[in-house]
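Visitor: Coordinates in coords.txt, compact mmCIF, C-alpha atoms, are listed below.
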```txt
# COMPACT_ATOMS: atom_id res chain seq x y z
CA MET Z 11 -42.32 44.09 65.67
CA TRP Z 12 -39.09 45.11 63.97
CA GLY Z 13 -35.94 43.08 64.57
CA GLU Z 14 -32.50 44.40 65.36
CA CYS Z 15 -30.57 46.29 62.67
CA ILE Z 16 -26.86 45.41 62.72
CA LYS Z 17 -24.23 47.46 60.89
CA VAL Z 18 -21.55 45.49 59.06
CA PRO Z 19 -18.86 48.00 57.93
CA LEU Z 20 -16.68 47.00 54.98
CA TYR Z 21 -13.49 48.97 54.33
CA TRP Z 22 -10.54 48.34 52.06
CA GLY Z 23 -8.84 51.78 51.87
CA ASP Z 24 -5.87 50.85 54.05
CA VAL Z 25 -4.88 48.11 51.59
CA ASN Z 26 -3.63 50.65 49.03
CA GLU Z 27 -2.58 53.41 51.46
CA SER Z 28 1.16 52.74 51.26
CA ALA Z 29 1.12 52.66 47.44
CA LEU Z 30 -0.71 55.99 47.27
CA ASN Z 31 1.65 57.58 49.79
CA GLU Z 32 4.67 56.36 47.85
CA LEU Z 33 3.27 57.78 44.61
CA LEU Z 34 2.54 61.14 46.24
CA THR Z 35 6.06 61.29 47.68
CA ASN Z 36 7.53 60.69 44.24
CA LEU Z 37 5.28 63.33 42.69
CA LYS Z 38 6.23 65.92 45.29
CA GLY Z 39 9.86 65.10 44.64
CA SER Z 40 9.57 66.51 41.14
CA SER Z 41 11.28 69.86 40.55
CA LYS Z 42 8.06 71.02 38.87
CA TRP Z 43 5.65 70.08 41.65
CA ASN Z 44 5.60 73.51 43.32
CA GLN Z 45 4.77 75.13 40.00
CA LEU Z 46 1.60 73.09 39.48
CA TRP Z 47 -1.79 74.64 40.16
CA PHE Z 48 -4.48 73.13 42.39
CA GLN Z 49 -2.04 71.08 44.49
CA ASP Z 50 -4.55 70.44 47.27
CA PHE Z 51 -7.23 69.44 44.75
CA ARG Z 52 -4.78 67.10 43.01
CA GLN Z 53 -3.74 65.39 46.27
CA LYS Z 54 -7.02 65.05 48.11
CA GLN Z 55 -9.48 64.49 45.29
CA ILE Z 56 -8.01 63.51 41.93
CA LEU Z 57 -5.17 61.33 43.25
CA GLN Z 58 -7.36 59.65 45.86
CA PHE Z 59 -10.17 58.78 43.47
CA VAL Z 60 -8.12 57.82 40.41
CA GLY Z 61 -5.48 56.14 42.57
CA ASP Z 62 -8.04 53.96 44.32
CA GLY Z 63 -9.44 52.88 40.97
CA GLY Z 64 -6.10 52.20 39.34
CA LEU Z 65 -4.78 50.19 42.27
CA TYR Z 66 -7.94 48.16 42.75
CA ILE Z 67 -8.00 47.11 39.09
CA SER Z 68 -4.54 45.60 39.56
CA ARG Z 69 -4.74 41.90 40.37
CA LEU Z 70 -2.54 42.20 43.48
CA ILE Z 71 -4.36 45.04 45.25
CA GLY Z 72 -7.72 43.73 44.04
CA SER Z 73 -7.07 40.31 45.57
CA MET Z 74 -5.86 41.89 48.83
CA ALA Z 75 -9.04 43.96 48.98
CA ALA Z 76 -11.16 40.87 48.31
CA GLU Z 77 -9.46 38.97 51.13
CA GLN Z 78 -9.97 41.82 53.59
CA LEU Z 79 -13.61 42.26 52.59
CA LYS Z 80 -14.20 38.52 52.96
CA LYS Z 81 -12.92 38.58 56.54
CA GLN Z 82 -15.09 41.59 57.39
CA THR Z 83 -18.15 40.04 55.71
CA PHE Z 84 -17.83 36.72 57.51
CA LYS Z 85 -17.31 38.42 60.86
CA GLY Z 86 -20.28 40.72 60.35
CA LEU Z 87 -22.66 38.01 59.12
CA GLU Z 88 -21.56 35.16 61.37
CA LYS Z 89 -24.75 35.37 63.45
CA TYR Z 90 -27.26 35.93 60.65
CA LYS Z 91 -30.32 33.69 60.67
CA GLN Z 92 -32.60 32.38 57.97
CA GLY Z 93 -35.12 35.11 57.29
CA ASP Z 94 -32.69 37.98 57.95
CA ARG Z 95 -32.33 40.58 55.22
CA LEU Z 96 -29.36 42.55 53.89
CA HIS Z 97 -29.50 46.26 53.03
CA LEU Z 98 -26.52 47.64 51.11
CA VAL Z 99 -25.36 51.21 51.78
CA THR Z 100 -22.36 52.11 49.65
CA HIS Z 101 -20.32 55.24 48.92
CA SER Z 102 -18.09 56.31 46.04
CA TRP Z 103 -15.61 53.64 44.91
CA GLY Z 104 -17.07 51.35 47.54
CA THR Z 105 -20.03 50.91 45.23
CA ILE Z 106 -17.82 49.92 42.31
CA ILE Z 107 -15.68 47.54 44.36
CA LEU Z 108 -18.59 45.78 46.03
CA PHE Z 109 -20.48 45.32 42.76
CA ASP Z 110 -17.30 44.17 41.03
CA ILE Z 111 -16.65 41.52 43.64
CA LEU Z 112 -20.26 40.35 43.61
CA PHE Z 113 -20.88 40.32 39.87
CA ALA Z 114 -17.85 40.79 37.56
CA SER Z 115 -16.71 37.72 35.63
CA ARG Z 116 -13.04 38.68 36.03
CA TRP Z 117 -13.07 36.74 39.31
CA ASP Z 118 -14.33 33.48 37.80
CA ASP Z 119 -10.91 32.05 36.97
CA HIS Z 120 -9.99 29.41 39.59
CA GLU Z 121 -6.27 30.10 39.13
CA ILE Z 122 -6.17 33.82 39.97
CA PRO Z 123 -5.40 35.42 43.35
CA GLY Z 124 -8.59 36.46 45.07
CA TYR Z 125 -10.79 33.78 43.51
CA GLU Z 126 -11.45 31.91 46.76
CA SER Z 127 -12.23 35.11 48.68
CA VAL Z 128 -14.66 36.37 46.05
CA LYS Z 129 -16.33 32.96 45.79
CA ALA Z 130 -16.80 32.85 49.57
CA ILE Z 131 -18.42 36.30 49.58
CA ARG Z 132 -20.76 35.42 46.71
CA ASP Z 133 -21.82 32.19 48.40
CA LYS Z 134 -23.02 34.24 51.37
CA LEU Z 135 -25.60 36.08 49.26
CA TYR Z 136 -28.89 34.61 48.06
CA GLY Z 137 -29.28 34.62 44.29
CA ILE Z 138 -25.63 34.21 43.26
CA GLY Z 139 -22.77 31.82 43.99
CA GLU Z 140 -22.74 28.05 43.63
CA ASN Z 141 -25.95 27.65 45.67
CA PRO Z 142 -28.14 30.61 44.67
CA THR Z 143 -31.13 29.39 46.72
CA THR Z 144 -29.24 29.77 50.01
CA GLY Z 145 -27.71 32.73 51.85
CA ILE Z 146 -28.92 36.08 53.11
CA ARG Z 147 -31.39 37.90 50.86
CA LEU Z 148 -30.73 41.41 49.61
CA ALA Z 149 -33.67 43.71 50.49
CA SER Z 150 -32.56 47.17 49.31
CA ILE Z 151 -29.66 49.13 47.80
CA GLN Z 152 -28.58 52.66 48.75
CA THR Z 153 -25.72 54.23 46.77
CA MET Z 154 -24.18 57.59 47.75
CA GLY Z 155 -21.85 59.65 45.58
CA SER Z 156 -21.56 56.71 43.21
CA PRO Z 157 -19.99 56.61 39.73
CA ILE Z 158 -21.56 53.24 39.01
CA ALA Z 159 -23.51 54.73 36.11
CA LEU Z 160 -20.21 54.80 34.20
CA PHE Z 161 -20.34 51.00 34.12
CA SER Z 162 -22.79 51.42 31.25
CA LEU Z 163 -19.64 52.08 29.18
CA ILE Z 164 -18.13 48.77 30.22
CA SER Z 165 -21.18 46.92 28.92
CA ILE Z 166 -20.33 48.02 25.36
CA ASN Z 167 -16.54 48.43 25.45
CA GLY Z 168 -13.45 46.48 26.45
CA ARG Z 169 -14.86 43.17 25.31
CA ASN Z 170 -12.75 40.05 25.07
CA ALA Z 171 -12.64 37.40 22.36
CA ASN Z 172 -15.87 35.85 23.64
CA ASP Z 173 -17.64 39.21 23.25
CA GLU Z 174 -17.88 39.67 27.02
CA SER Z 175 -16.27 42.27 29.21
CA THR Z 176 -14.53 40.75 32.21
CA HIS Z 177 -15.39 43.87 34.22
CA ASP Z 178 -19.03 44.00 33.14
CA ILE Z 179 -21.28 43.67 36.20
CA SER Z 180 -24.51 43.59 34.19
CA PRO Z 181 -25.12 39.82 33.76
CA GLY Z 182 -24.36 38.97 37.39
CA LEU Z 183 -26.44 41.83 38.79
CA SER Z 184 -29.30 40.98 36.45
CA ASN Z 185 -29.32 37.34 37.59
CA LEU Z 186 -29.31 38.36 41.26
CA LEU Z 187 -32.25 40.73 40.85
CA LYS Z 188 -34.25 38.18 38.87
CA ASN Z 189 -33.62 35.51 41.50
CA LEU Z 190 -34.58 37.88 44.33
CA THR Z 191 -37.84 39.13 42.87
CA GLN Z 192 -38.87 36.21 40.65
CA GLY Z 193 -41.39 38.47 38.97
CA ASP Z 194 -43.04 39.35 42.29
CA GLY Z 195 -42.24 42.93 43.32
CA GLU Z 196 -39.28 45.24 42.80
CA LEU Z 197 -36.03 45.80 44.64
CA SER Z 198 -35.75 49.38 45.93
CA TRP Z 199 -32.58 51.22 44.90
CA LEU Z 200 -31.98 54.81 46.11
CA ASN Z 201 -29.11 56.64 44.40
CA PHE Z 202 -28.15 59.77 46.39
CA ILE Z 203 -26.49 62.62 44.48
CA HIS Z 204 -25.21 65.90 45.87
CA PRO Z 205 -25.42 68.46 43.00
CA GLY Z 206 -21.86 69.60 43.76
CA ASP Z 207 -20.38 66.11 43.87
CA PRO Z 208 -18.40 65.51 40.64
CA ILE Z 209 -18.15 61.78 41.34
CA ALA Z 210 -21.90 61.14 41.64
CA TRP Z 211 -23.98 60.41 38.54
CA PRO Z 212 -27.69 59.82 37.87
CA LEU Z 213 -28.74 56.23 37.34
CA GLU Z 214 -32.48 56.16 36.62
CA ASN Z 215 -32.24 56.40 32.84
CA LEU Z 216 -29.12 54.23 32.61
CA ILE Z 217 -30.28 51.20 34.56
CA THR Z 218 -31.77 49.61 31.46
CA LYS Z 219 -28.34 49.97 29.85
CA LEU Z 220 -26.73 48.09 32.71
CA ILE Z 221 -29.59 45.63 33.14
CA PRO Z 222 -31.89 45.00 30.17
CA ASP Z 223 -35.57 44.57 31.13
CA SER Z 224 -34.74 45.80 34.63
CA GLY Z 225 -37.99 47.76 34.93
CA SER Z 226 -39.85 44.67 36.06
CA TYR Z 227 -37.65 43.84 39.05
CA VAL Z 228 -35.77 46.92 40.26
CA ASN Z 229 -36.97 50.43 41.09
CA VAL Z 230 -34.13 52.98 40.90
CA GLU Z 231 -34.69 56.51 42.19
CA ASP Z 232 -32.13 59.30 41.95
CA VAL Z 233 -32.35 61.46 45.08
CA LEU Z 234 -30.76 64.93 45.11
CA THR Z 235 -29.36 65.94 48.48
CA GLY Z 236 -28.81 69.39 49.94
CA ASP Z 237 -26.37 71.02 52.32
CA SER Z 238 -25.65 74.16 54.32
CA GLY Z 239 -22.86 76.71 54.53
CA LEU Z 240 -20.59 77.27 51.52
CA LEU Z 241 -22.02 74.34 49.58
CA ASN Z 242 -25.50 75.75 50.02
CA LEU Z 243 -24.25 79.13 48.72
CA PHE Z 244 -23.09 77.44 45.53
CA ALA Z 245 -26.48 75.76 45.18
CA GLN Z 246 -28.30 79.09 45.50
CA THR Z 247 -25.99 80.95 43.09
CA PRO Z 248 -26.03 79.39 39.60
CA PRO Z 249 -23.07 81.41 38.18
CA ILE Z 250 -20.85 80.36 41.09
CA ARG Z 251 -21.76 76.70 41.04
CA GLN Z 252 -20.35 76.37 37.50
CA THR Z 253 -16.92 77.72 38.47
CA PHE Z 254 -13.76 75.96 39.62
CA LEU Z 255 -14.42 77.34 43.12
CA ALA Z 256 -17.42 75.05 43.32
CA LEU Z 257 -15.48 72.14 41.81
CA ALA Z 258 -12.67 72.63 44.33
CA ASN Z 259 -15.23 72.04 47.06
CA GLY Z 260 -16.43 68.89 45.34
CA GLY Z 261 -14.61 66.82 47.94
CA SER Z 262 -16.79 68.32 50.67
CA ALA Z 263 -19.88 67.55 48.61
CA HIS Z 264 -18.62 64.01 47.98
CA GLY Z 265 -18.29 63.30 51.68
CA SER Z 266 -21.41 65.18 52.77
CA TYR Z 267 -23.78 62.20 52.66
CA TRP Z 268 -22.43 60.79 55.92
CA GLN Z 269 -23.45 63.89 57.87
CA ASN Z 270 -26.72 64.56 56.05
CA GLU Z 271 -29.70 63.84 58.32
CA ASP Z 272 -32.12 63.79 55.38
CA VAL Z 273 -30.08 61.04 53.72
CA ALA Z 274 -29.99 59.03 56.94
CA GLN Z 275 -33.74 59.39 57.45
CA ARG Z 276 -34.51 58.44 53.86
CA ILE Z 277 -32.35 55.33 54.09
CA ALA Z 278 -33.92 54.34 57.42
CA ALA Z 279 -37.41 54.81 56.02
CA ASN Z 280 -36.57 52.73 52.96
CA ILE Z 281 -35.21 49.90 55.10
CA LEU Z 282 -38.32 49.91 57.28
CA THR Z 283 -40.60 49.99 54.25
CA VAL Z 284 -39.08 47.02 52.48
```
Go ahead and render the structure in this file as structure tokens.
Guide:
Amino acid sequence: MWGECIKVPLYWGDVNESALNELLTNLKGSSKWNQLWFQDFRQKQILQFVGDGGLYISRLIGSMAAEQLKKQTFKGLEKYKQGDRLHLVTHSWGTIILFDILFASRWDDHEIPGYESVKAIRDKLYGIGENPTTGIRLASIQTMGSPIALFSLISINGRNANDESTHDISPGLSNLLKNLTQGDGELSWLNFIHPGDPIAWPLENLITKLIPDSGSYVNVEDVLTGDSGLLNLFAQTPPIRQTFLALANGGSAHGSYWQNEDVAQRIAANILTV
């Protein structure tokens, strides 16, 4: 008999909302703004995505996000029992932020803002934190519209004097997966990609770059998703799908996973299977 499935939503977008609005106001105040092309695309897609990333990397916004996510995590998991399992479903920058908080070494300094919040979150999860044999066990990962494949660049660039990147998630993620599986089985990871989503990237062939020897304890599958309407027209017409018209609708593709019944069914089936 299956137990109850409880959703624990984690959201940090309102933390940087005022900073993004202030930047947009200043940009629109330029005498050249009205002469720029693709204004809607700049505001709703480029600024939102790049702005989220730039603000989160800052220590102030990053620590504020960590504190908010800690509160949401503790509230959502306050009633979890030994034997319960955690299934991660992440989207877009949410994937990067969650994996950064769980695994990046940039949070290991006791003196920095956000350290206590990140430590508290990590201690909730089995396989990491100060007591890796306690906490809720991760049972599956589902990423949607995720650019996490680009973290393969971080594993070879931006290194510090100790030859380690403070933003590299690879060592922490590798340790978690090894602790979870202990050589017995694989963790299921579904990576959903809409063909028209410019933010989403394949992960299957890059996972060994992020996590050496990962083939023995994680099974990553890239899953292409479909759509209807205008996005489906682009999919059925190769010449059109390579044009800026298709790119301009990339925002619709990027948000399409939430309304896609096939994605929902595949995630539900994966959770039930594992």
Visitor: Under the rule that all atoms listed in the file are counted, which of Z:Ile16, Z:Ala263, Z:Ala274, Z:Leu148 is the nearest residue to His97 of chain Z?
Guide: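 Closest candidate: Z:Leu148.
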Visitor: Atom CA of Ile67 of chain Z and atom CA of Gly124 of chain Z, how far apart in Å?
Guide: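 Atom CA of Ile67 of chain Z lies 12.2 Å from atom CA of Gly124 of chain Z.
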Visitor: Arg132 of chain Z: which residues within 9 Å, counting only C-alpha atoms, same-chain residues fewer than 5 positions away excluded, as a ChimeraX atom specification?
Guide: /Z:111-113,127,137-140
Visitor: Pick from Z:Gln55, Z:Asn270, Z:Asn26, Z:Ser68: nearest to Pro123 of chain Z, with all atoms listed in the file counted?
Guide: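 With all atoms listed in the file as the atom set, the closest residue is Z:Ser68.
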Visitor: For a quick check of understanding, using only C-alpha atoms, which of Z:Leu98, Z:Ile106, Z:Leu186, Z:Ile146 has the smallest distance to Trp199 of chain Z?
Guide: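 Result for the nearest residue to Trp199 of chain Z: Z:Leu98.
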Visitor: Separation of atom CA of Glu214 of chain Z and atom CA of Asp110 of chain Z, in Å?
Guide: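 Interatomic distance here is 19.8 Å.
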Visitor: Measuring between all atoms listed in the file, which one of Z:Ile203, Z:Leu65, Z:Val128, Z:Ile71 shows the shortest distance to Ser102 of chain Z?
Guide: Z:Ile203
Visitor: Using Å and a single decimal, report how far atom CA of Val18 of chain Z sits from atom CA of His204 of chain Z.
Guide: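 Interatomic distance, atom CA of His204 of chain Z to atom CA of Val18 of chain Z: 24.6 Å.
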Visitor: When you count all atoms listed in the file, which of these residues is closest to Ile209 of chain Z: Z:Met154, Z:Val284, Z:Ile277, Z:Leu34?
Guide: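 For Ile209 of chain Z, the nearest of the candidates is Z:Met154.
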Visitor: Write out as a list in words which residues come within 12 Å of Ala279 of chain Z when counting only C-alpha atoms, dropping same-chain ones fewer than 5 positions away.
Guide: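 Contacts, in chain order: Ser150, Gln152, Ser198, Leu200, Asp272, Val273, Ala274 and Val284 of chain Z.
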Visitor: Taking only C-alpha atoms into account, which of Z:Asn189, Z:Ala149, Z:Lys134, Z:Ala210 comes nearest Glu88 of chain Z?
Guide: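 Checking each candidate against Glu88 of chain Z, we get Z:Lys134 as the closest.
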